[in-house]
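A.B. asks: I am attaching a structure below and will ask some questions about it afterwards.
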Amino acid sequence: MFIAESLKAYVAQKSGLAQDAFSMFASERPAFGDFSTNAAFVLAQERNTSPFLVAEDLKRELEEDGQVQSMVERLEVKNGYINFFLSPEFAAQALRQVTKPEKRTAQETVLVEYSSPNIGKTLSIAHIRSTIIGDALARIYKFLGYRVITDSHIGDWGMLAGKLIAAYKLFARKPVAKLTIRDMQDLYVRFTMDEKEKPEYTQMAKKETVKLQREEKDSIRMWQALARNSIKEFDRLYRRLGILKFTYQHGESHYRRYTEAVVPDCVKKGYARQSEGSMIIDLDKAGLPPMLIQKSDEGFLYATSDLATIIEREETIKPNRVLYVVANEQALHFEQLFAAARTCGLAQGIDLVHVKFGMILGQDKKKLSTRQGRTVLLEEVLDEAIKKAESIAQQKNPELSAQEIQTIARLIGIASVKYNDLSQNRNTDIVFDWSKMLSLDGNSAPYALYTYARLANIARKAHAKARALGVRDLSRLERQEFELAKRAAAFKDTVRQAAQENLPNLIANYLYDLAARSNAWYEQYPVLSAPAEARRARLGLAQSVCAVLKTGLGLLGIPVLEKI
RNA sequence: GCUCCUGUAGUUCAAUGGAUAGAACAAUGGUCUUCGGAACCAUCGAUGAGGGUUCGAUUCCUUCCAGGAGCACCA
């Protein structure tokens with residue numbers, strides 16, 4: 001149940017406004033109730049009258065409705081807004097089901113493409129955002145009842161693969177099957193460095209690329225080994241990070257049949273034309289520069305393979321929506337890609353979305369790039385985070401065994417890295433800063449985890465059974481506690497909003513707010529020592545908030561611990 | 001040169017058309033006969049500059065300033 005949505009439906013019905021003509025939002029402060037609508041402003045505009053009068057009328061109409069009556073304790077008009085104060089019964093009802101995933105009814109499929117590393121290169125900090133944000137979005141959509149397909153679109157074909165093979169043939173001293181990803185990366189770096197002075201290297205790479213595209217046996221065998229070893233390494237890091245298993249890790253190579261067909265097909269249908277020896281799709285109508293889909297040496301490009309990927313997915317997966325979780329820098333590429341797809345009559349009825357995110361910058365606010373050797377490896381970040389969490393855990397809990405500390409440190413270290421990213425709006429750049437990244441203070445993962453552990457501990461001490469959730473008794477709570485309960489009941493509304501805008505940070509911020517309110521709450525209101533009725537009600541509240549924290553952190557890919 | 005993104009407190013962030021711009025860190029002062037102090041309470045402090053649209057602008061438009069990214073054979 002989505003509270004805002006339910007309320008909105010009634011307001012729409014009574015006012016005659018379209019659902020998207022006005023908004024219903026969580027109120028900023030208790031004095032404004034729990035949810036507010038600006039419907040009166042919109043209506044007043046239409047009728048050319050005062051919002052205040054319209055609001056009073058609309059309020060009266062809503063009050064006369066039996067359904068609305070059961071949902072709210074009262075309605076208030078203030079400054080033209082209509083404020084909704086939820087009733088304890090309705091809030092309790094919402095709270096009881098707030099952590100239950102939505103049932104999959106409409107078969108709406110969301111395809112999330114994220115992480116997408118290149119073979120032959122270790123995962124660096126640059127992959128962190130795509131991987132963590134994509135993983136969270138996949139979990140969020142699943143929770144909301146969508147059919148979710150995930151795909152890491154690995155760069156494993158074309159010139160990149162050709163260069164790797166050329167580099168291997170030139171410099172390597174091991175059988176290809178024994179090549180680690182570090183070896184591959186060293187080979188690749190050496191190759192690109194030398195390439196500047198030795199144009200014959202580039203020629204060689206091109207030759208290898210062509211051989212691979214012709215699927216000559218030796219090339220394919222070598223390429224497969226390189227790809228396999230790379231993916232093994234990616235999977236190891238994904239496990240450490242604790243992200244969902246990908247439905248697919250197809251890579252560009254998977255779509256190669258389609259890629260080969262893209263150019264002739266576009267030419268035949270008149271979508272593409274020659275220009276300066278290469279093949280382009282004009283995008284004037286979209287106000288964009290043309291997109292190059294074939295090089296003058298007849299080689300394919302990223303754009304070609306991306307178009308092919310759209311075609312293949314349209315045929316096999318039939319998604320309703322595709323989320324490309326890829327850095328900001330590629331904004332133009334995706335604008336062109338989407339426009340080109342439309343031009344070619346592809347992806348009709350499919351919502352293609354570039355879920356972009358800011359870069360991770362160096363201390364000098366310049367881009368971190370592999371070439372200048374300024375890369376920070378993903379693995380380093382995780383190691384550092386865990387190390388820091390471990391020393392803090394030791395300090396805080398000297399009574400715990402080394403093994404317990406290890407478990408806690410591993411969980412909190414990873415959680416901090418994820419939370420640090422997911423609590424920020426993805427659009428802004430992040431200046432890479434070890435102390436910030438690994439911060440365990442303030443609005444951070446440990447704060448939410450700590451709150452969870454404390455609340456869980458109270459319930460445990462009371463020997464409360466999970467099914468004894470006393471959320472029927474919200475009316476037994478005092479005013480301030482009731483506010484907390486209603487806040488928890490609005491969890492699913494937040495998740496819905498996070499999905500609509502593809503902004504996981506909305507959930508992180510909500511959880512932080514909920515945790516802060518909870519901390520203030522149990523500081524002030526005793527649970528275990530309270531009189532029987534209040535005790536039962538408060539235990540119910542503690543358990544509900546616990547469940548919300550656990551579910552919410554879960555959506556961010558962060559597991560909870562009973563003890564930290 | 002063209003296009004796009006960003007500019008909020010000393011610092012890092014939140015709020016993207018709504019009510020009195022919200023946190024954290026730092027600083028300062030408090031809470032303890034503790035349902036786990038990785039806690040709670042309080043003080044200090046901000047929308048780059050100018051114009052416009054709107055009942056209402058951090059949010060939309062516009063000019064300027066500052067930073068960043070992208071712009072055909074890389075991915």
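Residue names in the structure tokens use chain letters A, B, ... in the order shown, residue numbers from 1 in each chain, and ligand numbers from 1 in the order shown.
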Please return, as a JSON list (two decimals) with N, CA and C atoms (P, O5', C5', C4', C3', O3' and C1' of nucleotides), in the first residue's frame, all residues of chain B lying within 12 Å of chain A when only C-alpha atoms (C1' of nucleotides) are considered.
C.D. replies:
```json
[["chain", "number", "residue", "atom", "x", "y", "z"],
["B", 2, "C", "P", 30.21, 29.57, -28.68],
["B", 2, "C", "O5'", 29.53, 28.15, -28.97],
["B", 2, "C", "C5'", 28.81, 27.92, -30.17],
["B", 2, "C", "C4'", 28.48, 26.45, -30.28],
["B", 2, "C", "C3'", 27.77, 25.85, -29.07],
["B", 2, "C", "O3'", 26.39, 26.12, -29.08],
["B", 2, "C", "C1'", 29.54, 24.43, -29.70],
["B", 3, "U", "P", 25.60, 26.24, -27.69],
["B", 3, "U", "O5'", 25.54, 24.73, -27.19],
["B", 3, "U", "C5'", 24.76, 23.76, -27.88],
["B", 3, "U", "C4'", 24.94, 22.41, -27.24],
["B", 3, "U", "C3'", 24.67, 22.35, -25.75],
["B", 3, "U", "O3'", 23.28, 22.24, -25.47],
["B", 3, "U", "C1'", 26.69, 21.25, -26.20],
["B", 4, "C", "P", 22.72, 22.79, -24.06],
["B", 4, "C", "O5'", 23.28, 21.69, -23.05],
["B", 4, "C", "C5'", 22.72, 20.38, -23.02],
["B", 4, "C", "C4'", 23.54, 19.48, -22.14],
["B", 4, "C", "C3'", 23.61, 19.88, -20.67],
["B", 4, "C", "O3'", 22.46, 19.49, -19.97],
["B", 4, "C", "C1'", 25.77, 19.33, -21.41],
["B", 5, "C", "P", 22.04, 20.29, -18.64],
["B", 5, "C", "O5'", 23.15, 19.81, -17.60],
["B", 5, "C", "C5'", 23.17, 18.46, -17.14],
["B", 5, "C", "C4'", 24.34, 18.25, -16.22],
["B", 5, "C", "C3'", 24.38, 19.16, -15.00],
["B", 5, "C", "O3'", 23.52, 18.71, -13.97],
["B", 5, "C", "C1'", 26.52, 19.09, -15.97],
["B", 6, "U", "P", 22.90, 19.77, -12.96],
["B", 6, "U", "O5'", 24.19, 20.24, -12.15],
["B", 6, "U", "C5'", 24.78, 19.37, -11.18],
["B", 6, "U", "C4'", 26.03, 19.99, -10.62],
["B", 6, "U", "C3'", 25.84, 21.31, -9.89],
["B", 6, "U", "O3'", 25.36, 21.12, -8.58],
["B", 6, "U", "C1'", 27.70, 21.48, -11.32],
["B", 7, "G", "P", 24.48, 22.30, -7.92],
["B", 7, "G", "O5'", 25.59, 23.38, -7.55],
["B", 7, "G", "C5'", 26.62, 23.03, -6.62],
["B", 7, "G", "C4'", 27.65, 24.14, -6.55],
["B", 7, "G", "C3'", 27.18, 25.38, -5.81],
["B", 7, "G", "O3'", 28.24, 25.89, -5.00],
["B", 7, "G", "C1'", 27.89, 25.98, -7.97],
["B", 11, "U", "P", 33.99, 26.09, 2.57],
["B", 11, "U", "O5'", 34.26, 24.61, 3.11],
["B", 11, "U", "C5'", 35.55, 24.01, 2.99],
["B", 11, "U", "C4'", 35.46, 22.57, 3.40],
["B", 11, "U", "C3'", 34.44, 21.74, 2.64],
["B", 11, "U", "O3'", 34.99, 21.23, 1.44],
["B", 11, "U", "C1'", 34.14, 21.38, 4.94],
["B", 12, "U", "P", 34.05, 20.86, 0.22],
["B", 12, "U", "O5'", 33.29, 19.59, 0.79],
["B", 12, "U", "C5'", 33.94, 18.33, 0.88],
["B", 12, "U", "C4'", 32.95, 17.27, 1.31],
["B", 12, "U", "C3'", 31.68, 17.21, 0.48],
["B", 12, "U", "O3'", 31.88, 16.49, -0.72],
["B", 12, "U", "C1'", 31.12, 17.15, 2.77],
["B", 13, "C", "P", 30.81, 16.67, -1.91],
["B", 13, "C", "O5'", 29.51, 16.05, -1.24],
["B", 13, "C", "C5'", 28.21, 16.42, -1.65],
["B", 13, "C", "C4'", 27.25, 15.88, -0.62],
["B", 13, "C", "C3'", 25.77, 16.16, -0.89],
["B", 13, "C", "O3'", 25.22, 15.24, -1.79],
["B", 13, "C", "C1'", 26.25, 16.66, 1.36],
["B", 14, "A", "P", 23.96, 15.70, -2.69],
["B", 14, "A", "O5'", 22.80, 16.00, -1.64],
["B", 14, "A", "C5'", 22.30, 14.95, -0.84],
["B", 14, "A", "C4'", 21.10, 15.38, -0.03],
["B", 14, "A", "C3'", 19.94, 16.03, -0.76],
["B", 14, "A", "O3'", 19.23, 15.09, -1.53],
["B", 14, "A", "C1'", 20.25, 17.04, 1.34],
["B", 15, "A", "P", 18.48, 15.50, -2.85],
["B", 15, "A", "O5'", 17.43, 16.57, -2.33],
["B", 15, "A", "C5'", 16.17, 16.15, -1.82],
["B", 15, "A", "C4'", 15.44, 17.35, -1.27],
["B", 15, "A", "C3'", 14.91, 18.33, -2.32],
["B", 15, "A", "O3'", 13.64, 17.94, -2.77],
["B", 15, "A", "C1'", 16.05, 19.51, -0.59],
["B", 16, "U", "P", 13.35, 17.55, -4.27],
["B", 16, "U", "O5'", 13.67, 18.91, -5.04],
["B", 16, "U", "C5'", 12.59, 19.75, -5.43],
["B", 16, "U", "C4'", 12.70, 20.03, -6.92],
["B", 16, "U", "C3'", 12.51, 18.79, -7.82],
["B", 16, "U", "O3'", 11.61, 19.00, -8.90],
["B", 16, "U", "C1'", 14.47, 19.95, -8.39],
["B", 17, "G", "P", 10.56, 19.66, -9.53],
["B", 17, "G", "O5'", 9.91, 21.00, -8.90],
["B", 17, "G", "C5'", 10.60, 22.10, -8.38],
["B", 17, "G", "C4'", 9.67, 22.97, -7.57],
["B", 17, "G", "C3'", 8.33, 22.34, -7.19],
["B", 17, "G", "O3'", 7.98, 22.72, -5.86],
["B", 17, "G", "C1'", 7.95, 24.42, -8.13],
["B", 18, "G", "P", 8.77, 22.06, -4.65],
["B", 18, "G", "O5'", 8.96, 23.41, -3.82],
["B", 18, "G", "C5'", 9.00, 23.34, -2.42],
["B", 18, "G", "C4'", 8.06, 24.37, -1.84],
["B", 18, "G", "C3'", 7.34, 23.86, -0.60],
["B", 18, "G", "O3'", 7.32, 24.92, 0.34],
["B", 18, "G", "C1'", 5.77, 24.68, -2.13],
["B", 19, "A", "P", 8.73, 25.21, 1.11],
["B", 19, "A", "O5'", 8.09, 26.20, 2.17],
["B", 19, "A", "C5'", 7.52, 27.43, 1.75],
["B", 19, "A", "C4'", 6.51, 27.86, 2.79],
["B", 19, "A", "C3'", 7.04, 27.79, 4.21],
["B", 19, "A", "O3'", 6.48, 28.87, 4.94],
["B", 19, "A", "C1'", 5.14, 26.41, 4.00],
["B", 20, "U", "P", 7.33, 30.24, 5.02],
["B", 20, "U", "O5'", 8.61, 29.84, 5.90],
["B", 20, "U", "C5'", 9.66, 30.79, 6.02],
["B", 20, "U", "C4'", 10.69, 30.25, 6.98],
["B", 20, "U", "C3'", 11.30, 28.91, 6.58],
["B", 20, "U", "O3'", 12.67, 28.90, 6.96],
["B", 20, "U", "C1'", 10.33, 28.76, 8.72],
["B", 21, "A", "P", 13.80, 29.22, 5.92],
["B", 21, "A", "O5'", 14.41, 27.76, 5.68],
["B", 21, "A", "C5'", 13.65, 26.75, 5.06],
["B", 21, "A", "C4'", 14.55, 25.73, 4.44],
["B", 21, "A", "C3'", 15.76, 25.35, 5.29],
["B", 21, "A", "O3'", 15.42, 24.33, 6.20],
["B", 21, "A", "C1'", 16.46, 25.83, 3.09],
["B", 22, "G", "P", 15.52, 24.56, 7.73],
["B", 22, "G", "O5'", 15.96, 23.14, 8.25],
["B", 22, "G", "C5'", 15.10, 22.03, 8.12],
["B", 22, "G", "C4'", 15.88, 20.79, 7.78],
["B", 22, "G", "C3'", 17.13, 20.57, 8.62],
["B", 22, "G", "O3'", 16.80, 20.06, 9.90],
["B", 22, "G", "C1'", 17.61, 20.12, 6.36],
["B", 23, "A", "P", 17.93, 20.02, 11.00],
["B", 23, "A", "O5'", 18.68, 18.70, 10.54],
["B", 23, "A", "C5'", 20.05, 18.56, 10.78],
["B", 23, "A", "C4'", 20.53, 17.33, 10.07],
["B", 23, "A", "C3'", 21.96, 16.97, 10.41],
["B", 23, "A", "O3'", 21.98, 16.16, 11.57],
["B", 23, "A", "C1'", 21.73, 17.08, 8.07],
["B", 24, "A", "P", 23.08, 16.44, 12.67],
["B", 24, "A", "O5'", 24.38, 15.83, 11.98],
["B", 24, "A", "C5'", 24.42, 14.45, 11.64],
["B", 24, "A", "C4'", 25.61, 14.18, 10.78],
["B", 24, "A", "C3'", 26.93, 14.71, 11.33],
["B", 24, "A", "O3'", 27.49, 13.80, 12.25],
["B", 24, "A", "C1'", 26.70, 15.37, 9.09],
["B", 25, "C", "P", 28.39, 14.36, 13.43],
["B", 25, "C", "O5'", 29.70, 14.87, 12.69],
["B", 25, "C", "C5'", 30.55, 13.94, 12.03],
["B", 25, "C", "C4'", 31.63, 14.68, 11.29],
["B", 25, "C", "C3'", 32.42, 15.69, 12.13],
["B", 25, "C", "O3'", 33.42, 15.05, 12.89],
["B", 25, "C", "C1'", 31.80, 16.69, 10.10],
["B", 31, "U", "P", 25.69, 18.16, 32.37],
["B", 31, "U", "O5'", 24.68, 17.09, 31.75],
["B", 31, "U", "C5'", 23.27, 17.35, 31.78],
["B", 31, "U", "C4'", 22.54, 16.22, 31.10],
["B", 31, "U", "C3'", 22.89, 14.82, 31.58],
["B", 31, "U", "O3'", 22.18, 14.51, 32.78],
["B", 31, "U", "C1'", 22.79, 14.86, 29.21],
["B", 32, "C", "P", 22.99, 13.98, 34.01],
["B", 32, "C", "O5'", 23.27, 12.44, 33.71],
["B", 32, "C", "C5'", 22.26, 11.59, 33.19],
["B", 32, "C", "C4'", 22.78, 10.20, 33.04],
["B", 32, "C", "C3'", 23.51, 9.64, 34.25],
["B", 32, "C", "O3'", 22.58, 9.11, 35.19],
["B", 32, "C", "C1'", 24.73, 9.15, 32.28],
["B", 34, "U", "P", 22.42, 3.89, 35.16],
["B", 34, "U", "O5'", 22.12, 4.38, 33.67],
["B", 34, "U", "C5'", 20.79, 4.52, 33.16],
["B", 34, "U", "C4'", 20.82, 4.11, 31.71],
["B", 34, "U", "C3'", 20.97, 2.61, 31.47],
["B", 34, "U", "O3'", 20.22, 2.27, 30.31],
["B", 34, "U", "C1'", 22.76, 3.76, 30.44],
["B", 35, "C", "P", 18.79, 1.98, 30.48],
["B", 35, "C", "O5'", 18.78, 0.67, 29.59],
["B", 35, "C", "C5'", 18.67, -0.61, 30.18],
["B", 35, "C", "C4'", 17.97, -1.49, 29.20],
["B", 35, "C", "C3'", 18.58, -1.45, 27.80],
["B", 35, "C", "O3'", 19.63, -2.38, 27.73],
["B", 35, "C", "C1'", 16.21, -1.23, 27.69],
["B", 36, "G", "P", 20.46, -2.54, 26.35],
["B", 36, "G", "O5'", 21.21, -1.15, 26.18],
["B", 36, "G", "C5'", 22.22, -0.74, 27.07],
["B", 36, "G", "C4'", 23.48, -0.49, 26.26],
["B", 36, "G", "C3'", 23.39, 0.72, 25.35],
["B", 36, "G", "O3'", 24.07, 1.78, 26.00],
["B", 36, "G", "C1'", 24.31, -1.20, 24.23],
["B", 37, "G", "P", 23.87, 3.32, 25.60],
["B", 37, "G", "O5'", 25.23, 3.82, 24.95],
["B", 37, "G", "C5'", 25.36, 3.91, 23.55],
["B", 37, "G", "C4'", 26.68, 4.60, 23.23],
["B", 37, "G", "C3'", 27.86, 4.03, 23.98],
["B", 37, "G", "O3'", 29.05, 4.25, 23.22],
["B", 37, "G", "C1'", 27.57, 6.26, 24.59],
["B", 38, "A", "P", 29.46, 3.27, 22.02],
["B", 38, "A", "O5'", 28.97, 4.08, 20.75],
["B", 38, "A", "C5'", 29.63, 5.30, 20.44],
["B", 38, "A", "C4'", 29.43, 5.61, 18.98],
["B", 38, "A", "C3'", 27.96, 5.57, 18.54],
["B", 38, "A", "O3'", 27.77, 6.48, 17.46],
["B", 38, "A", "C1'", 29.16, 3.90, 17.38],
["B", 39, "A", "P", 27.19, 7.94, 17.68],
["B", 39, "A", "O5'", 26.01, 7.66, 18.71],
["B", 39, "A", "C5'", 24.83, 6.98, 18.28],
["B", 39, "A", "C4'", 23.78, 7.09, 19.36],
["B", 39, "A", "C3'", 23.23, 8.49, 19.59],
["B", 39, "A", "O3'", 22.20, 8.79, 18.67],
["B", 39, "A", "C1'", 23.81, 7.53, 21.66],
["B", 40, "C", "P", 21.91, 10.24, 18.19],
["B", 40, "C", "O5'", 21.27, 10.86, 19.51],
["B", 40, "C", "C5'", 20.01, 10.40, 19.97],
["B", 40, "C", "C4'", 19.67, 11.12, 21.24],
["B", 40, "C", "C3'", 19.64, 12.65, 21.13],
["B", 40, "C", "O3'", 18.40, 13.10, 20.62],
["B", 40, "C", "C1'", 20.88, 12.02, 23.04],
["B", 41, "C", "P", 18.34, 14.40, 19.71],
["B", 41, "C", "O5'", 18.57, 15.55, 20.79],
["B", 41, "C", "C5'", 17.60, 15.79, 21.79],
["B", 41, "C", "C4'", 18.06, 16.88, 22.70],
["B", 41, "C", "C3'", 18.49, 18.17, 22.00],
["B", 41, "C", "O3'", 17.39, 18.96, 21.63],
["B", 41, "C", "C1'", 20.06, 17.61, 23.67],
["B", 54, "U", "P", 3.98, 36.15, -14.61],
["B", 54, "U", "O5'", 3.88, 35.02, -13.50],
["B", 54, "U", "C5'", 3.37, 33.74, -13.82],
["B", 54, "U", "C4'", 3.48, 32.83, -12.62],
["B", 54, "U", "C3'", 2.88, 33.40, -11.34],
["B", 54, "U", "O3'", 1.47, 33.21, -11.31],
["B", 54, "U", "C1'", 5.01, 32.46, -10.89],
["B", 55, "C", "P", 0.54, 34.39, -10.73],
["B", 55, "C", "O5'", 0.80, 34.36, -9.16],
["B", 55, "C", "C5'", 0.30, 35.42, -8.34],
["B", 55, "C", "C4'", 0.44, 35.02, -6.89],
["B", 55, "C", "C3'", 1.80, 34.49, -6.49],
["B", 55, "C", "O3'", 2.70, 35.54, -6.20],
["B", 55, "C", "C1'", 0.14, 33.02, -5.68],
["B", 56, "G", "P", 4.18, 35.48, -6.81],
["B", 56, "G", "O5'", 4.79, 34.25, -6.01],
["B", 56, "G", "C5'", 5.08, 34.39, -4.62],
["B", 56, "G", "C4'", 5.51, 33.08, -4.04],
["B", 56, "G", "C3'", 6.74, 32.45, -4.70],
["B", 56, "G", "O3'", 7.92, 33.01, -4.15],
["B", 56, "G", "C1'", 5.06, 30.81, -4.43],
["B", 67, "G", "P", 37.78, 28.79, -13.40],
["B", 67, "G", "O5'", 37.18, 27.36, -12.99],
["B", 67, "G", "C5'", 37.67, 26.69, -11.83],
["B", 67, "G", "C4'", 36.84, 25.47, -11.54],
["B", 67, "G", "C3'", 36.84, 24.39, -12.61],
["B", 67, "G", "O3'", 38.01, 23.60, -12.60],
["B", 67, "G", "C1'", 34.63, 24.74, -11.88],
["B", 68, "G", "P", 38.54, 23.03, -14.01],
["B", 68, "G", "O5'", 37.50, 21.85, -14.32],
["B", 68, "G", "C5'", 37.45, 20.72, -13.45],
["B", 68, "G", "C4'", 36.24, 19.89, -13.78],
["B", 68, "G", "C3'", 36.18, 19.30, -15.18],
["B", 68, "G", "O3'", 37.04, 18.18, -15.32],
["B", 68, "G", "C1'", 34.06, 20.14, -14.62],
["B", 69, "A", "P", 37.61, 17.82, -16.77],
["B", 69, "A", "O5'", 36.33, 17.18, -17.48],
["B", 69, "A", "C5'", 35.81, 15.93, -17.03],
["B", 69, "A", "C4'", 34.52, 15.63, -17.73],
["B", 69, "A", "C3'", 34.62, 15.48, -19.24],
["B", 69, "A", "O3'", 35.06, 14.19, -19.61],
["B", 69, "A", "C1'", 32.80, 16.89, -18.72],
["B", 70, "G", "P", 35.87, 14.03, -20.95],
["B", 70, "G", "O5'", 34.73, 14.22, -22.05],
["B", 70, "G", "C5'", 33.74, 13.22, -22.22],
["B", 70, "G", "C4'", 32.68, 13.71, -23.19],
["B", 70, "G", "C3'", 33.17, 14.05, -24.58],
["B", 70, "G", "O3'", 33.32, 12.89, -25.38],
["B", 70, "G", "C1'", 31.76, 15.77, -23.82],
["B", 71, "C", "P", 34.35, 12.94, -26.59],
["B", 71, "C", "O5'", 33.67, 13.96, -27.61],
["B", 71, "C", "C5'", 32.57, 13.56, -28.42],
["B", 71, "C", "C4'", 32.10, 14.73, -29.23],
["B", 71, "C", "C3'", 33.10, 15.33, -30.21],
["B", 71, "C", "O3'", 33.21, 14.56, -31.39],
["B", 71, "C", "C1'", 32.07, 17.07, -29.04],
["B", 72, "A", "P", 34.53, 14.65, -32.26],
["B", 72, "A", "O5'", 34.50, 13.33, -33.12],
["B", 72, "A", "C5'", 34.46, 12.05, -32.51],
["B", 72, "A", "C4'", 34.25, 11.08, -33.63],
["B", 72, "A", "C3'", 35.32, 11.17, -34.71],
["B", 72, "A", "O3'", 36.22, 10.12, -34.56],
["B", 72, "A", "C1'", 33.14, 11.19, -35.64],
["B", 73, "C", "P", 37.53, 10.28, -33.98],
["B", 73, "C", "O5'", 37.25, 8.86, -33.31],
["B", 73, "C", "C5'", 37.99, 7.75, -33.51],
["B", 73, "C", "C4'", 37.28, 6.79, -34.45],
["B", 73, "C", "C3'", 38.30, 6.08, -35.31],
["B", 73, "C", "O3'", 38.78, 4.93, -34.71],
["B", 73, "C", "C1'", 36.40, 6.69, -36.58],
["B", 74, "C", "P", 39.45, 4.69, -33.46],
["B", 74, "C", "O5'", 38.27, 4.58, -32.53],
["B", 74, "C", "C5'", 37.63, 4.23, -31.51],
["B", 74, "C", "C4'", 38.27, 3.88, -30.20],
["B", 74, "C", "C3'", 37.36, 3.11, -29.30],
["B", 74, "C", "O3'", 37.42, 1.73, -29.60],
["B", 74, "C", "C1'", 38.36, 4.88, -28.11],
["B", 75, "A", "P", 36.05, 0.93, -29.69],
["B", 75, "A", "O5'", 35.61, 0.89, -28.16],
["B", 75, "A", "C5'", 36.38, 0.19, -27.19],
["B", 75, "A", "C4'", 35.85, 0.55, -25.82],
["B", 75, "A", "C3'", 34.35, 0.34, -25.66],
["B", 75, "A", "O3'", 34.05, -1.00, -25.31],
["B", 75, "A", "C1'", 34.92, 2.49, -24.90]]
```
A.B. asks: Quick one: DSSP alpha helix (DSSP H) residues in stretch 168-293 of chain A, as a PyMOL selection string?
C.D. replies: chain A and resi 168-171+181-195+199-213+217-241+256-268
A.B. asks: If you keep C-alpha atoms, can you produce a file of those selected residues as a short mmCIF file (atom, residue, chain, number, x, y, z; two decimals), in the first residue's frame?
C.D. replies:
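Ended up saving to out15.cif:
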```cif
data_model
loop_
_atom_site.label_atom_id
_atom_site.label_comp_id
_atom_site.auth_asym_id
_atom_site.auth_seq_id
_atom_site.Cartn_x
_atom_site.Cartn_y
_atom_site.Cartn_z
CA TYR A 168 49.75 -11.21 -25.31
CA LYS A 169 51.52 -12.37 -28.45
CA LEU A 170 54.18 -9.69 -28.13
CA PHE A 171 55.08 -9.80 -24.48
CA ILE A 181 43.91 -10.16 -14.62
CA ARG A 182 46.95 -8.32 -13.26
CA ASP A 183 49.07 -9.92 -15.98
CA MET A 184 46.56 -8.84 -18.60
CA GLN A 185 46.47 -5.33 -17.32
CA ASP A 186 50.27 -5.10 -17.33
CA LEU A 187 50.38 -6.38 -20.90
CA TYR A 188 47.73 -3.92 -21.96
CA VAL A 189 49.36 -0.92 -20.31
CA ARG A 190 52.75 -1.80 -21.82
CA PHE A 191 51.13 -2.19 -25.22
CA THR A 192 49.36 1.16 -25.18
CA MET A 193 52.48 2.92 -23.90
CA ASP A 194 54.62 1.48 -26.70
CA GLU A 195 51.91 2.03 -29.26
CA PRO A 199 52.44 2.41 -35.19
CA GLU A 200 53.00 -1.19 -36.29
CA TYR A 201 51.53 -2.26 -32.94
CA THR A 202 48.27 -0.59 -33.82
CA GLN A 203 48.28 -2.35 -37.17
CA MET A 204 48.87 -5.63 -35.42
CA ALA A 205 45.99 -5.01 -33.05
CA LYS A 206 43.71 -4.23 -35.96
CA LYS A 207 44.76 -7.44 -37.66
CA GLU A 208 43.99 -9.41 -34.50
CA THR A 209 40.64 -7.71 -34.22
CA VAL A 210 39.72 -8.71 -37.74
CA LYS A 211 40.85 -12.29 -37.14
CA LEU A 212 38.73 -12.42 -34.05
CA GLN A 213 35.72 -11.03 -35.85
CA LYS A 217 39.92 -20.74 -34.14
CA ASP A 218 43.14 -19.63 -32.45
CA SER A 219 41.89 -16.14 -31.90
CA ILE A 220 38.64 -17.33 -30.41
CA ARG A 221 40.42 -19.76 -28.11
CA MET A 222 42.78 -17.10 -26.83
CA TRP A 223 40.00 -14.56 -26.44
CA GLN A 224 37.85 -17.01 -24.52
CA ALA A 225 40.61 -17.62 -22.03
CA LEU A 226 41.13 -13.90 -21.53
CA ALA A 227 37.42 -13.29 -21.04
CA ARG A 228 36.97 -16.25 -18.72
CA ASN A 229 39.83 -15.24 -16.46
CA SER A 230 38.55 -11.68 -16.34
CA ILE A 231 35.02 -12.66 -15.42
CA LYS A 232 36.29 -14.99 -12.73
CA GLU A 233 38.06 -12.02 -11.18
CA PHE A 234 35.00 -9.77 -11.50
CA ASP A 235 32.85 -12.38 -9.81
CA ARG A 236 35.28 -12.67 -6.93
CA LEU A 237 35.01 -8.92 -6.30
CA TYR A 238 31.24 -8.93 -6.72
CA ARG A 239 31.03 -11.61 -4.04
CA ARG A 240 33.16 -9.51 -1.72
CA LEU A 241 30.95 -6.54 -2.40
CA ARG A 256 28.05 -9.72 -32.50
CA ARG A 257 25.70 -11.35 -35.01
CA TYR A 258 23.33 -8.46 -34.57
CA THR A 259 26.19 -5.95 -34.66
CA GLU A 260 27.26 -7.21 -38.07
CA ALA A 261 23.75 -6.75 -39.38
CA VAL A 262 23.23 -3.25 -38.02
CA VAL A 263 25.11 -1.29 -40.68
CA PRO A 264 23.85 -3.07 -43.82
CA ASP A 265 20.37 -3.00 -42.39
CA CYS A 266 20.45 0.71 -41.62
CA VAL A 267 21.88 1.47 -45.05
CA LYS A 268 19.25 -0.63 -46.79
#
```
A.B. asks: Assign secondary structure with DSSP using the backbone only, and return the residues of stretch 53-247 of chain A in strand (DSSP E or B) as a PyMOL selection string.
C.D. replies: chain A and resi 72-78+81-86+109-113+118+124+147-151+155
A.B. asks: Give me, as a PyMOL selection string, all polymer residues having an atom no more than 8 Å from stretch 349-351 of chain A, counting only C-alpha atoms (C1' of nucleotides) and skipping those fewer than 6 positions away in the same chain.
C.D. replies: chain A and resi 319-322
A.B. asks: Next, the residues of the selection above should be written as a compact mmCIF listing (two decimals), in the first residue's frame with N, CA and C atoms.
C.D. replies:
```txt
# COMPACT_ATOMS: atom_id res chain seq x y z
N PRO A 319 11.88 -5.94 -22.72
CA PRO A 319 11.73 -5.11 -21.52
C PRO A 319 10.78 -3.94 -21.76
N ASN A 320 10.17 -3.44 -20.69
CA ASN A 320 9.38 -2.22 -20.78
C ASN A 320 10.26 -1.00 -20.55
N ARG A 321 11.32 -1.27 -19.81
CA ARG A 321 12.21 -0.16 -19.47
C ARG A 321 13.64 -0.69 -19.39
N VAL A 322 14.58 0.09 -19.89
CA VAL A 322 15.98 -0.28 -19.76
C VAL A 322 16.71 0.84 -19.06
```
